file model_35.cif (mmCIF, C-alpha atoms)
data_run
#
loop_
_atom_site.group_PDB
_atom_site.id
_atom_site.type_symbol
_atom_site.label_atom_id
_atom_site.label_comp_id
_atom_site.auth_asym_id
_atom_site.auth_seq_id
_atom_site.Cartn_x
_atom_site.Cartn_y
_atom_site.Cartn_z
ATOM 1 C CA MET A 19 14.421 -2.527 36.569
ATOM 2 C CA THR A 20 17.679 -4.357 37.324
ATOM 3 C CA LYS A 21 19.111 -5.067 40.747
ATOM 4 C CA GLU A 22 21.455 -2.047 40.611
ATOM 5 C CA GLU A 23 18.684 0.258 39.449
ATOM 6 C CA LEU A 24 16.439 -0.956 42.254
ATOM 7 C CA LYS A 25 19.240 -0.364 44.758
ATOM 8 C CA SER A 26 19.881 3.221 43.612
ATOM 9 C CA TYR A 27 16.124 3.917 43.409
ATOM 10 C CA LEU A 28 15.582 2.724 46.966
ATOM 11 C CA GLU A 29 18.605 4.621 48.271
ATOM 12 C CA SER A 30 17.453 7.902 46.741
ATOM 13 C CA ASN A 31 13.711 7.620 47.505
ATOM 14 C CA TYR A 32 13.624 5.689 50.775
ATOM 15 C CA PRO A 33 15.793 7.339 53.471
ATOM 16 C CA GLU A 34 14.363 4.982 56.118
ATOM 17 C CA LEU A 35 15.952 1.954 54.397
ATOM 18 C CA THR A 36 19.648 1.254 55.051
ATOM 19 C CA TYR A 37 21.528 -0.935 52.591
ATOM 20 C CA SER A 38 23.164 -4.031 54.027
ATOM 21 C CA GLU A 39 25.691 -6.254 52.279
ATOM 22 C CA SER A 40 23.917 -9.217 50.708
ATOM 23 C CA GLY A 41 26.440 -10.787 48.316
ATOM 24 C CA LYS A 42 24.981 -12.431 45.240
ATOM 25 C CA TYR A 43 21.528 -12.870 46.747
ATOM 26 C CA ASP A 44 18.557 -10.502 46.832
ATOM 27 C CA LEU A 45 19.044 -6.930 47.989
ATOM 28 C CA LEU A 46 18.937 -6.666 51.768
ATOM 29 C CA PHE A 47 17.839 -3.465 53.502
ATOM 30 C CA ILE A 48 17.542 -2.751 57.210
ATOM 31 C CA VAL A 49 14.648 -0.745 58.617
ATOM 32 C CA GLU A 50 13.818 0.393 62.135
ATOM 33 C CA ALA A 51 11.046 -1.477 63.907
ATOM 34 C CA GLN A 52 8.837 1.621 64.369
ATOM 35 C CA LYS A 53 8.973 2.499 60.663
ATOM 36 C CA LEU A 54 8.392 -1.027 59.354
ATOM 37 C CA VAL A 55 4.657 -0.926 58.574
ATOM 38 C CA LYS A 56 4.791 2.563 57.009
ATOM 39 C CA THR A 57 7.724 1.547 54.811
ATOM 40 C CA CYS A 58 6.049 -1.668 53.720
ATOM 41 C CA GLU A 59 2.889 0.220 52.783
ATOM 42 C CA LYS A 60 4.973 2.683 50.796
ATOM 43 C CA LEU A 61 6.813 -0.120 48.982
ATOM 44 C CA ARG A 62 3.537 -1.811 48.103
ATOM 45 C CA ASP A 63 1.782 1.326 46.869
ATOM 46 C CA ASP A 64 4.770 2.751 44.945
ATOM 47 C CA VAL A 65 3.734 2.591 41.274
ATOM 48 C CA LYS A 66 7.317 1.991 40.135
ATOM 49 C CA LEU A 67 7.834 -0.937 42.521
ATOM 50 C CA GLN A 68 4.491 -2.519 43.493
ATOM 51 C CA PHE A 69 5.805 -5.015 46.040
ATOM 52 C CA ASN A 70 2.518 -6.895 46.222
ATOM 53 C CA TYR A 71 3.711 -10.345 47.276
ATOM 54 C CA LEU A 72 5.011 -11.463 50.660
ATOM 55 C CA GLY A 73 7.002 -14.651 50.157
ATOM 56 C CA ASN A 74 8.250 -15.387 53.625
ATOM 57 C CA ILE A 75 8.975 -14.008 57.065
ATOM 58 C CA SER A 76 11.919 -15.507 58.923
ATOM 59 C CA GLY A 77 12.848 -15.201 62.559
ATOM 60 C CA VAL A 78 16.515 -15.346 63.574
ATOM 61 C CA ASP A 79 18.124 -15.627 66.985
ATOM 62 C CA THR A 80 21.714 -14.353 66.836
ATOM 63 C CA THR A 81 22.048 -14.627 70.672
ATOM 64 C CA GLU A 82 22.647 -10.834 70.754
ATOM 65 C CA ASN A 83 19.523 -9.793 68.853
ATOM 66 C CA TYR A 84 16.404 -11.165 67.327
ATOM 67 C CA LEU A 85 15.867 -10.487 63.644
ATOM 68 C CA THR A 86 12.813 -10.715 61.471
ATOM 69 C CA VAL A 87 13.455 -10.868 57.741
ATOM 70 C CA TYR A 88 10.672 -10.092 55.266
ATOM 71 C CA GLN A 89 11.172 -11.525 51.781
ATOM 72 C CA ILE A 90 8.931 -9.589 49.440
ATOM 73 C CA ALA A 91 8.514 -9.578 45.684
ATOM 74 C CA SER A 92 6.756 -7.659 42.970
ATOM 75 C CA ILE A 93 4.951 -9.936 40.557
ATOM 76 C CA SER A 94 4.074 -7.188 38.078
ATOM 77 C CA ASN A 95 7.580 -5.632 37.995
ATOM 78 C CA LYS A 96 9.588 -8.840 38.578
ATOM 79 C CA LEU A 97 11.508 -7.554 41.590
ATOM 80 C CA ARG A 98 12.676 -9.158 44.807
ATOM 81 C CA LEU A 99 13.736 -7.517 48.042
ATOM 82 C CA ASP A 100 14.585 -8.511 51.623
ATOM 83 C CA ILE A 101 13.887 -6.256 54.571
ATOM 84 C CA LYS A 102 15.507 -6.939 57.919
ATOM 85 C CA VAL A 103 14.447 -5.628 61.305
ATOM 86 C CA ILE A 104 16.824 -5.855 64.268
ATOM 87 C CA LEU A 105 15.095 -6.310 67.623
ATOM 88 C CA PRO A 106 16.563 -6.242 71.139
ATOM 89 C CA HIS A 107 17.109 -9.542 72.923
ATOM 90 C CA ASP A 108 15.006 -8.501 75.936
ATOM 91 C CA ASN A 109 11.260 -8.341 75.289
ATOM 92 C CA PRO A 110 11.391 -8.260 71.472
ATOM 93 C CA SER A 111 8.223 -6.906 69.897
ATOM 94 C CA ILE A 112 7.179 -5.727 66.455
ATOM 95 C CA ASN A 113 4.101 -4.446 64.658
ATOM 96 C CA SER A 114 2.200 -6.806 62.406
ATOM 97 C CA VAL A 115 2.427 -6.272 58.644
ATOM 98 C CA GLN A 116 -0.874 -8.062 58.235
ATOM 99 C CA SER A 117 -2.531 -4.796 57.170
ATOM 100 C CA VAL A 118 -0.094 -4.588 54.240
ATOM 101 C CA TRP A 119 0.028 -8.248 53.200
ATOM 102 C CA PRO A 120 -2.664 -10.519 54.726
ATOM 103 C CA ALA A 121 -0.363 -13.507 54.114
ATOM 104 C CA ALA A 122 1.688 -12.382 57.113
ATOM 105 C CA ASN A 123 -0.909 -13.808 59.482
ATOM 106 C CA TRP A 124 0.411 -17.356 59.723
ATOM 107 C CA TYR A 125 4.107 -16.418 59.505
ATOM 108 C CA GLU A 126 3.720 -14.034 62.409
ATOM 109 C CA ARG A 127 1.870 -16.596 64.483
ATOM 110 C CA GLU A 128 4.750 -18.996 63.904
ATOM 111 C CA ILE A 129 7.380 -16.411 64.857
ATOM 112 C CA TRP A 130 5.438 -15.459 67.959
ATOM 113 C CA GLU A 131 5.160 -19.095 68.995
ATOM 114 C CA LEU A 132 8.664 -20.353 68.230
ATOM 115 C CA TYR A 133 10.760 -17.245 69.023
ATOM 116 C CA GLY A 134 8.596 -15.431 71.548
ATOM 117 C CA ILE A 135 8.646 -12.196 69.551
ATOM 118 C CA GLU A 136 5.556 -10.222 70.535
ATOM 119 C CA ILE A 137 3.444 -9.171 67.530
ATOM 120 C CA HIS A 138 1.278 -6.062 67.980
ATOM 121 C CA ASN A 139 -2.013 -5.500 66.110
ATOM 122 C CA HIS A 140 -2.337 -9.145 65.092
ATOM 123 C CA ASP A 141 -5.919 -10.365 64.907
ATOM 124 C CA ASN A 142 -5.391 -14.050 65.722
ATOM 125 C CA LEU A 143 -2.308 -14.631 67.839
ATOM 126 C CA THR A 144 -2.990 -18.209 68.972
ATOM 127 C CA ARG A 145 -1.097 -21.500 69.242
ATOM 128 C CA PHE A 146 -0.130 -22.623 65.733
ATOM 129 C CA LEU A 147 2.316 -25.524 65.283
ATOM 130 C CA LEU A 148 3.196 -26.713 68.775
ATOM 131 C CA PRO A 149 0.910 -29.079 70.744
ATOM 132 C CA ASP A 150 -2.124 -27.404 72.289
ATOM 133 C CA ASP A 151 -0.957 -28.064 75.846
ATOM 134 C CA TRP A 152 2.606 -26.845 75.236
ATOM 135 C CA ASP A 153 4.044 -25.030 78.260
ATOM 136 C CA GLN A 154 7.805 -25.224 77.677
ATOM 137 C CA GLY A 155 8.491 -21.813 76.173
ATOM 138 C CA HIS A 156 9.821 -20.911 72.755
ATOM 139 C CA PRO A 157 11.852 -23.824 71.343
ATOM 140 C CA MET A 158 13.655 -22.042 68.501
ATOM 141 C CA ARG A 159 15.472 -19.737 70.901
ATOM 142 C CA LYS A 160 19.166 -20.562 71.215
ATOM 143 C CA ASP A 161 19.060 -20.622 75.022
ATOM 144 C CA TRP A 162 15.977 -22.839 75.140
ATOM 145 C CA ASP A 163 16.146 -26.079 77.099
ATOM 146 C CA ALA A 164 13.774 -28.815 78.233
ATOM 147 C CA PRO A 165 14.150 -32.002 80.321
ATOM 148 C CA ASP A 166 13.998 -34.361 77.311
ATOM 149 C CA PHE A 167 15.887 -32.083 74.931
ATOM 150 C CA ILE A 168 19.250 -33.605 73.960
ATOM 151 C CA ARG A 169 21.781 -31.226 72.497
ATOM 152 C CA PHE A 170 24.226 -32.491 69.848
ATOM 153 C CA PRO A 171 27.515 -33.225 71.669
ATOM 154 C CA GLN A 172 30.157 -30.560 70.972
ATOM 155 C CA LYS A 173 33.762 -31.630 70.545
ATOM 156 C CA MET B 12 -3.497 -81.476 51.709
ATOM 157 C CA GLY B 13 -1.005 -78.630 52.093
ATOM 158 C CA LEU B 14 -2.949 -77.134 54.955
ATOM 159 C CA ILE B 15 -3.267 -80.423 56.803
ATOM 160 C CA LYS B 16 0.470 -81.061 56.597
ATOM 161 C CA LYS B 17 1.169 -77.754 58.311
ATOM 162 C CA LEU B 18 -1.217 -78.240 61.198
ATOM 163 C CA PRO B 19 -0.378 -80.676 63.995
ATOM 164 C CA VAL B 20 -3.609 -82.534 63.590
ATOM 165 C CA PHE B 21 -4.976 -85.989 63.462
ATOM 166 C CA ALA B 22 -6.565 -86.582 60.090
ATOM 167 C CA GLU B 23 -8.627 -89.649 59.471
ATOM 168 C CA LYS B 24 -9.670 -90.717 56.029
ATOM 169 C CA VAL B 25 -13.239 -91.863 55.693
ATOM 170 C CA PRO B 26 -15.104 -92.802 52.549
ATOM 171 C CA GLY B 27 -16.432 -89.740 50.765
ATOM 172 C CA GLY B 28 -14.403 -87.170 52.704
ATOM 173 C CA GLY B 29 -12.238 -86.663 55.779
ATOM 174 C CA ILE B 30 -12.402 -85.589 59.375
ATOM 175 C CA VAL B 31 -9.809 -83.284 60.844
ATOM 176 C CA THR B 32 -9.430 -82.903 64.556
ATOM 177 C CA THR B 33 -7.276 -80.194 66.105
ATOM 178 C CA SER B 34 -7.281 -77.790 69.040
ATOM 179 C CA ILE B 35 -8.963 -74.377 69.065
ATOM 180 C CA GLU B 36 -5.635 -72.863 70.082
ATOM 181 C CA GLN B 37 -3.939 -74.171 66.969
ATOM 182 C CA VAL B 38 -6.699 -73.020 64.643
ATOM 183 C CA LEU B 39 -6.957 -69.570 66.165
ATOM 184 C CA ASN B 40 -3.217 -69.005 66.122
ATOM 185 C CA PHE B 41 -2.931 -70.321 62.584
ATOM 186 C CA ALA B 42 -5.744 -68.110 61.397
ATOM 187 C CA GLN B 43 -4.402 -64.976 62.988
ATOM 188 C CA ALA B 44 -0.762 -65.558 62.090
ATOM 189 C CA LYS B 45 -1.689 -65.998 58.440
ATOM 190 C CA SER B 46 -4.057 -63.064 58.159
ATOM 191 C CA LEU B 47 -2.378 -60.125 59.897
ATOM 192 C CA TRP B 48 -4.303 -57.144 58.647
ATOM 193 C CA TYR B 49 -2.361 -54.008 59.304
ATOM 194 C CA LEU B 50 -3.472 -50.451 59.935
ATOM 195 C CA LEU B 51 -2.231 -47.895 57.458
ATOM 196 C CA PHE B 52 -0.075 -45.598 59.533
ATOM 197 C CA GLY B 53 2.712 -43.957 57.564
ATOM 198 C CA THR B 54 4.039 -40.599 58.717
ATOM 199 C CA ALA B 55 7.375 -40.293 56.884
ATOM 200 C CA CYS B 56 9.719 -41.952 54.386
ATOM 201 C CA CYS B 57 9.317 -45.429 55.964
ATOM 202 C CA ALA B 58 5.802 -45.345 54.544
ATOM 203 C CA ILE B 59 7.308 -45.383 51.042
ATOM 204 C CA GLU B 60 9.044 -48.680 51.831
ATOM 205 C CA LEU B 61 5.835 -49.942 53.417
ATOM 206 C CA MET B 62 3.948 -49.118 50.227
ATOM 207 C CA CYS B 63 6.670 -50.816 48.172
ATOM 208 C CA THR B 64 6.335 -53.934 50.343
ATOM 209 C CA GLY B 65 2.614 -53.913 49.701
ATOM 210 C CA ALA B 66 3.071 -53.545 45.957
ATOM 211 C CA SER B 67 3.594 -56.300 43.414
ATOM 212 C CA ARG B 68 7.386 -56.832 43.639
ATOM 213 C CA TYR B 69 7.423 -57.819 47.343
ATOM 214 C CA ASP B 70 3.713 -58.496 47.706
ATOM 215 C CA PHE B 71 2.471 -58.452 51.297
ATOM 216 C CA ASP B 72 -0.697 -60.211 50.217
ATOM 217 C CA ARG B 73 1.044 -63.574 49.937
ATOM 218 C CA LEU B 74 1.557 -63.459 53.740
ATOM 219 C CA GLY B 75 -2.142 -62.721 54.107
ATOM 220 C CA MET B 76 -1.370 -59.127 55.069
ATOM 221 C CA ILE B 77 -3.871 -56.633 53.737
ATOM 222 C CA PHE B 78 -3.955 -52.979 54.658
ATOM 223 C CA ARG B 79 -6.994 -51.650 56.451
ATOM 224 C CA ALA B 80 -7.905 -48.003 56.743
ATOM 225 C CA SER B 81 -9.785 -48.534 60.014
ATOM 226 C CA PRO B 82 -8.254 -49.519 63.370
ATOM 227 C CA ARG B 83 -11.387 -51.552 64.150
ATOM 228 C CA GLN B 84 -10.484 -54.055 61.417
ATOM 229 C CA SER B 85 -6.752 -54.281 62.129
ATOM 230 C CA ASP B 86 -4.716 -56.815 64.101
ATOM 231 C CA LEU B 87 -1.433 -55.025 63.653
ATOM 232 C CA ILE B 88 -0.189 -51.461 63.447
ATOM 233 C CA ILE B 89 3.023 -50.855 61.523
ATOM 234 C CA VAL B 90 4.268 -47.498 62.783
ATOM 235 C CA ALA B 91 6.190 -46.291 59.741
ATOM 236 C CA GLY B 92 7.767 -42.910 60.290
ATOM 237 C CA THR B 93 8.627 -40.135 62.685
ATOM 238 C CA ILE B 94 6.199 -39.634 65.565
ATOM 239 C CA THR B 95 6.096 -36.079 66.843
ATOM 240 C CA LYS B 96 4.892 -35.064 70.272
ATOM 241 C CA LYS B 97 1.781 -33.644 68.670
ATOM 242 C CA MET B 98 1.110 -36.936 66.859
ATOM 243 C CA ALA B 99 1.673 -39.145 69.943
ATOM 244 C CA PRO B 100 -1.854 -38.832 71.434
ATOM 245 C CA ARG B 101 -3.368 -39.654 68.025
ATOM 246 C CA LEU B 102 -1.222 -42.795 67.758
ATOM 247 C CA ARG B 103 -2.333 -43.849 71.236
ATOM 248 C CA THR B 104 -5.992 -43.296 70.281
ATOM 249 C CA LEU B 105 -5.621 -45.448 67.157
ATOM 250 C CA TYR B 106 -3.948 -48.188 69.181
ATOM 251 C CA ASP B 107 -6.712 -48.092 71.782
ATOM 252 C CA GLN B 108 -9.347 -48.385 69.065
ATOM 253 C CA MET B 109 -7.885 -51.625 67.700
ATOM 254 C CA ALA B 110 -9.508 -54.919 68.735
ATOM 255 C CA GLU B 111 -7.521 -57.259 70.972
ATOM 256 C CA PRO B 112 -5.224 -59.117 70.513
ATOM 257 C CA ARG B 113 -3.269 -56.372 68.806
ATOM 258 C CA TYR B 114 0.352 -56.144 67.784
ATOM 259 C CA VAL B 115 2.769 -53.318 67.062
ATOM 260 C CA ILE B 116 5.725 -53.205 64.683
ATOM 261 C CA ALA B 117 8.085 -50.247 65.103
ATOM 262 C CA MET B 118 9.575 -49.679 61.679
ATOM 263 C CA GLY B 119 12.671 -47.562 61.245
ATOM 264 C CA GLY B 120 15.039 -45.582 63.437
ATOM 265 C CA CYS B 121 12.586 -42.782 64.240
ATOM 266 C CA THR B 122 10.136 -45.098 65.942
ATOM 267 C CA ILE B 123 12.885 -46.913 67.847
ATOM 268 C CA LYS B 124 14.773 -43.966 69.345
ATOM 269 C CA GLY B 125 14.001 -40.821 67.375
ATOM 270 C CA GLY B 126 16.448 -41.691 64.584
ATOM 271 C CA PRO B 127 18.093 -38.658 62.991
ATOM 272 C CA PHE B 128 15.959 -36.397 65.186
ATOM 273 C CA TYR B 129 17.453 -37.682 68.449
ATOM 274 C CA TYR B 130 19.629 -34.586 68.915
ATOM 275 C CA ASP B 131 18.512 -30.950 68.815
ATOM 276 C CA SER B 132 14.847 -31.682 68.312
ATOM 277 C CA TYR B 133 12.068 -30.224 70.421
ATOM 278 C CA SER B 134 9.215 -31.873 68.557
ATOM 279 C CA VAL B 135 10.051 -35.547 67.950
ATOM 280 C CA GLU B 136 9.112 -38.302 70.375
ATOM 281 C CA LYS B 137 12.242 -40.346 71.159
ATOM 282 C CA GLY B 138 10.874 -43.847 70.669
ATOM 283 C CA ILE B 139 7.263 -45.017 70.452
ATOM 284 C CA GLU B 140 7.691 -47.416 73.371
ATOM 285 C CA HIS B 141 6.818 -44.400 75.528
ATOM 286 C CA ILE B 142 3.388 -44.357 73.858
ATOM 287 C CA ILE B 143 2.413 -47.933 72.940
ATOM 288 C CA PRO B 144 3.942 -51.387 73.656
ATOM 289 C CA VAL B 145 6.059 -52.679 70.780
ATOM 290 C CA ASP B 146 6.399 -56.331 69.700
ATOM 291 C CA ILE B 147 8.885 -56.119 66.836
ATOM 292 C CA TYR B 148 11.574 -53.524 66.169
ATOM 293 C CA ILE B 149 12.901 -53.189 62.612
ATOM 294 C CA PRO B 150 16.021 -51.000 62.385
ATOM 295 C CA GLY B 151 16.961 -49.078 59.268
ATOM 296 C CA CYS B 152 16.549 -45.615 57.873
ATOM 297 C CA PRO B 153 14.304 -46.591 56.206
ATOM 298 C CA PRO B 154 14.457 -50.442 56.372
ATOM 299 C CA ARG B 155 14.327 -52.278 53.071
ATOM 300 C CA PRO B 156 11.192 -54.294 52.256
ATOM 301 C CA GLU B 157 13.122 -57.509 52.989
ATOM 302 C CA SER B 158 13.649 -56.351 56.590
ATOM 303 C CA LEU B 159 9.988 -55.518 56.955
ATOM 304 C CA LEU B 160 8.986 -58.905 55.548
ATOM 305 C CA GLU B 161 11.309 -60.654 57.980
ATOM 306 C CA GLY B 162 9.879 -58.660 60.871
ATOM 307 C CA CYS B 163 6.363 -59.646 59.878
ATOM 308 C CA LEU B 164 7.346 -63.304 59.544
ATOM 309 C CA ASN B 165 8.910 -63.191 63.022
ATOM 310 C CA LEU B 166 5.703 -61.747 64.425
ATOM 311 C CA SER B 167 3.788 -64.481 62.639
ATOM 312 C CA LYS B 168 5.993 -67.108 64.320
ATOM 313 C CA GLN B 169 5.457 -65.466 67.714
ATOM 314 C CA ILE B 170 1.713 -65.621 67.245
ATOM 315 C CA GLN B 171 1.803 -69.305 66.308
ATOM 316 C CA LYS B 172 3.604 -70.107 69.578
ATOM 317 C CA ARG B 173 0.974 -68.246 71.601
ATOM 318 C CA LYS B 174 -1.068 -70.144 74.209
ATOM 319 C CA LEU B 175 -4.817 -69.713 74.304
ATOM 320 C CA GLY B 176 -5.779 -66.723 76.413
ATOM 321 C CA ASP B 177 -2.119 -65.822 76.728
ATOM 322 C CA TRP B 178 -2.348 -62.412 75.117
ATOM 323 C CA GLN B 179 -2.541 -59.555 77.556
ATOM 324 C CA GLU B 180 -1.910 -55.853 77.537
ATOM 325 C CA LYS B 181 1.749 -55.158 78.131
#
call {"tool": "encode", "arguments": {"input": "model_35.cif", "output": "structure tokens"}}
result
Amino acid sequence: MTKEELKSYLESNYPELTYSESGKYDLLFIVEAQKLVKTCEKLRDDVKLQFNYLGNISGVDTTENYLTVYQIASISNKLRLDIKVILPHDNPSINSVQSVWPAANWYEREIWELYGIEIHNHDNLTRFLLPDDWDQGHPMRKDWDAPDFIRFPQK
Amino acid sequence: MGLIKKLPVFAEKVPGGGIVTTSIEQVLNFAQAKSLWYLLFGTACCAIELMCTGASRYDFDRLGMIFRASPRQSDLIIVAGTITKKMAPRLRTLYDQMAEPRYVIAMGGCTIKGGPFYYDSYSVEKGIEHIIPVDIYIPGCPPRPESLLEGCLNLSKQIQKRKLGDWQEK
């Protein structure tokens, strides 16, 4: 299945996925936060696709929204796909995809810790990379600040 | 006689051998300055230069410097690499475990002032002087082995000037 075939297949069979411009990179689709886990399960169990590998989950702070981007791949069908979820800037929260791909466990802990995005139905949401006694909030947020944090001087 | 020429001693020749008299201070300082065993502590790219300095081309061993994997056997800790806030308590523990007198060399920009992680970093400690007292600073990113050798020789000179019982926790 080529990239164009995958795009037309997803557009005709997955109404919950919205195509987003992605240039020369992997196909990028947007999904609503409530439908994320169902859609991921469907993508994994679809015989024609078999997205059985979760490569990465990224968190993004655009100052207006928080995004989580799921980079998934199918090893058996040699396919790659990105799924983006747009979350509100106030109290962002999302369901865990750990039930679909167990590899999501650590990525989601990291996102929870560094961006402050609440993860529901996660079985081990504990401190991951930051020091154990960290009490200064979520450092990857754009509006984050701390007493010894020195911002690069803007011209 | 090479050793005797270096020490400020009074050597008297007697039949069948010789007697050397010197002060304890001189002997202790000489012994420690010429056998600085350093603790292996490399956390980033400076450790590559540290390894290179220990290898055959630059050869730390000719200064009597041998790496030790235990802080109990070390006189010196060469902090080679970025120290994060999570690593800082571990560095302090290793320093506390070393036997006195103990010395610290801060190698590279990261250990001096955070280096390239000075701006926009939430995780990097901006200078190890907030954690442990430093004797020698070696700038560079990373410093070449020649710089490290010169730093070690300077420390060696400092130790040879030391008075007995002079060393104290800074």
call {"tool": "interface_residues", "arguments": {"input": "model_35.cif", "of": "chain B", "to": "chain A", "cutoff": "10 Å", "atoms": "all atoms listed in the file", "output": "list in words"}}
result
Thr95, Lys96, Lys97, Met98, Phe128, Tyr129, Tyr130, Asp131, Ser132, Tyr133, Ser134, Val135, Glu136 and Lys137 of chain B
call {"tool": "residues_around", "arguments": {"input": "model_35.cif", "residues": "range 86-90 of chain B", "least_positions_apart": "3", "cutoff": "7 Å", "atoms": "only C-alpha atoms", "output": "ChimeraX atom specification"}}
result
/B:47-50,52-53,110,112-118
call {"tool": "residues_around", "arguments": {"input": "model_35.cif", "residues": "Leu159 in chain B", "least_positions_apart": "2", "cutoff": "10 Å", "atoms": "all atoms listed in the file", "output": "number ranges by chain"}}
result
B: 60-61, 64, 71, 89, 116-119, 147-151, 153-157, 161-165
call {"tool": "resolve_selection", "arguments": {"input": "model_35.cif", "expression": "the PyMOL selection byres ((chain B and resi 124) around 9)", "output": "list in words"}}
result
Gly120, Cys121, Thr122, Ile123, Gly125, Gly126, Pro127, Phe128, Tyr129, Glu136, Lys137, Gly138, Ile139 and Glu140 of chain B
call {"tool": "write_last_selection", "arguments": {"input": "model_35.cif", "atoms": "C-alpha atoms", "output": "PDB file, in the frame of the given file"}}
result
ATOM      1  CA  GLY B 120      15.039 -45.582  63.437  1.00  0.00           C
ATOM      2  CA  CYS B 121      12.586 -42.782  64.240  1.00  0.00           C
ATOM      3  CA  THR B 122      10.136 -45.098  65.942  1.00  0.00           C
ATOM      4  CA  ILE B 123      12.885 -46.913  67.847  1.00  0.00           C
ATOM      5  CA  GLY B 125      14.001 -40.821  67.375  1.00  0.00           C
ATOM      6  CA  GLY B 126      16.448 -41.691  64.584  1.00  0.00           C
ATOM      7  CA  PRO B 127      18.093 -38.658  62.991  1.00  0.00           C
ATOM      8  CA  PHE B 128      15.959 -36.397  65.186  1.00  0.00           C
ATOM      9  CA  TYR B 129      17.453 -37.682  68.449  1.00  0.00           C
ATOM     10  CA  GLU B 136       9.112 -38.302  70.375  1.00  0.00           C
ATOM     11  CA  LYS B 137      12.242 -40.346  71.159  1.00  0.00           C
ATOM     12  CA  GLY B 138      10.874 -43.847  70.669  1.00  0.00           C
ATOM     13  CA  ILE B 139       7.263 -45.017  70.452  1.00  0.00           C
ATOM     14  CA  GLU B 140       7.691 -47.416  73.371  1.00  0.00           C
TER      15      GLU B 140
END
call {"tool": "closest_residue", "arguments": {"input": "model_35.cif", "among": "A:Met19, A:Leu28, A:Ile90, A:Ile48", "to": "Ala122 in chain A", "atoms": "all atoms listed in the file"}}
result
A:Ile90
call {"tool": "atom_distance", "arguments": {"input": "model_35.cif", "atom1": "CA of Ser67 in chain B", "atom2": "CA of Leu160 in chain B"}}
result
13.5 Å
call {"tool": "resolve_selection", "arguments": {"input": "model_35.cif", "expression": "the PyMOL selection byres ((chain A and resi 69) around 9)", "output": "list of chain:residue names"}}
result
A:Cys58, A:Leu61, A:Arg62, A:Asp63, A:Asp64, A:Leu67, A:Gln68, A:Asn70, A:Tyr71, A:Leu72, A:Ile90, A:Ala91, A:Ser92, A:Ile93, A:Ser94, A:Asn95, A:Leu97, A:Arg98, A:Leu99
call {"tool": "write_last_selection", "arguments": {"input": "model_35.cif", "atoms": "C-alpha atoms", "output": "mmCIF file, in the coordinates of the input"}}
result
data_model
loop_
_atom_site.group_PDB
_atom_site.id
_atom_site.type_symbol
_atom_site.label_atom_id
_atom_site.label_comp_id
_atom_site.auth_asym_id
_atom_site.auth_seq_id
_atom_site.Cartn_x
_atom_site.Cartn_y
_atom_site.Cartn_z
ATOM 1 C CA CYS A 58 6.049 -1.668 53.720
ATOM 2 C CA LEU A 61 6.813 -0.120 48.982
ATOM 3 C CA ARG A 62 3.537 -1.811 48.103
ATOM 4 C CA ASP A 63 1.782 1.326 46.869
ATOM 5 C CA ASP A 64 4.770 2.751 44.945
ATOM 6 C CA LEU A 67 7.834 -0.937 42.521
ATOM 7 C CA GLN A 68 4.491 -2.519 43.493
ATOM 8 C CA ASN A 70 2.518 -6.895 46.222
ATOM 9 C CA TYR A 71 3.711 -10.345 47.276
ATOM 10 C CA LEU A 72 5.011 -11.463 50.660
ATOM 11 C CA ILE A 90 8.931 -9.589 49.440
ATOM 12 C CA ALA A 91 8.514 -9.578 45.684
ATOM 13 C CA SER A 92 6.756 -7.659 42.970
ATOM 14 C CA ILE A 93 4.951 -9.936 40.557
ATOM 15 C CA SER A 94 4.074 -7.188 38.078
ATOM 16 C CA ASN A 95 7.580 -5.632 37.995
ATOM 17 C CA LEU A 97 11.508 -7.554 41.590
ATOM 18 C CA ARG A 98 12.676 -9.158 44.807
ATOM 19 C CA LEU A 99 13.736 -7.517 48.042
#
call {"tool": "resolve_selection", "arguments": {"input": "model_35.cif", "expression": "the PyMOL selection byres ((chain A and resi 105) around 8)", "output": "VMD selection string"}}
result
chain A and resid 51 83 to 86 103 to 104 106 to 107 110 to 111
call {"tool": "residues_around", "arguments": {"input": "model_35.cif", "residues": "Ile75 in chain A", "least_positions_apart": "2", "cutoff": "7 Å", "atoms": "all atoms listed in the file", "output": "VMD selection string"}}
result
chain A and resid 77 86 to 89 125
call {"tool": "closest_residue", "arguments": {"input": "model_35.cif", "among": "A:Glu39, A:Asp100, A:Asp79, A:Glu34", "to": "Ile129 in chain A", "atoms": "all atoms listed in the file"}}
result
A:Asp79
call {"tool": "atom_distance", "arguments": {"input": "model_35.cif", "atom1": "CA of His138 in chain A", "atom2": "CA of Asn31 in chain A"}}
result
27.6 Å
call {"tool": "atom_distance", "arguments": {"input": "model_35.cif", "atom1": "CA of Trp124 in chain A", "atom2": "CA of Glu136 in chain A"}}
result
13.9 Å
call {"tool": "residues_around", "arguments": {"input": "model_35.cif", "residues": "Leu51 in chain B", "least_positions_apart": "4", "cutoff": "9 Å", "atoms": "only C-alpha atoms", "output": "number ranges by chain"}}
result
B: 58, 78-82, 88-91
call {"tool": "residues_around", "arguments": {"input": "model_35.cif", "residues": "Leu54 in chain A", "least_positions_apart": "5", "cutoff": "8 Å", "atoms": "only C-alpha atoms", "output": "JSON, numbers by chain"}}
result
{"A": [49, 103, 113, 115]}
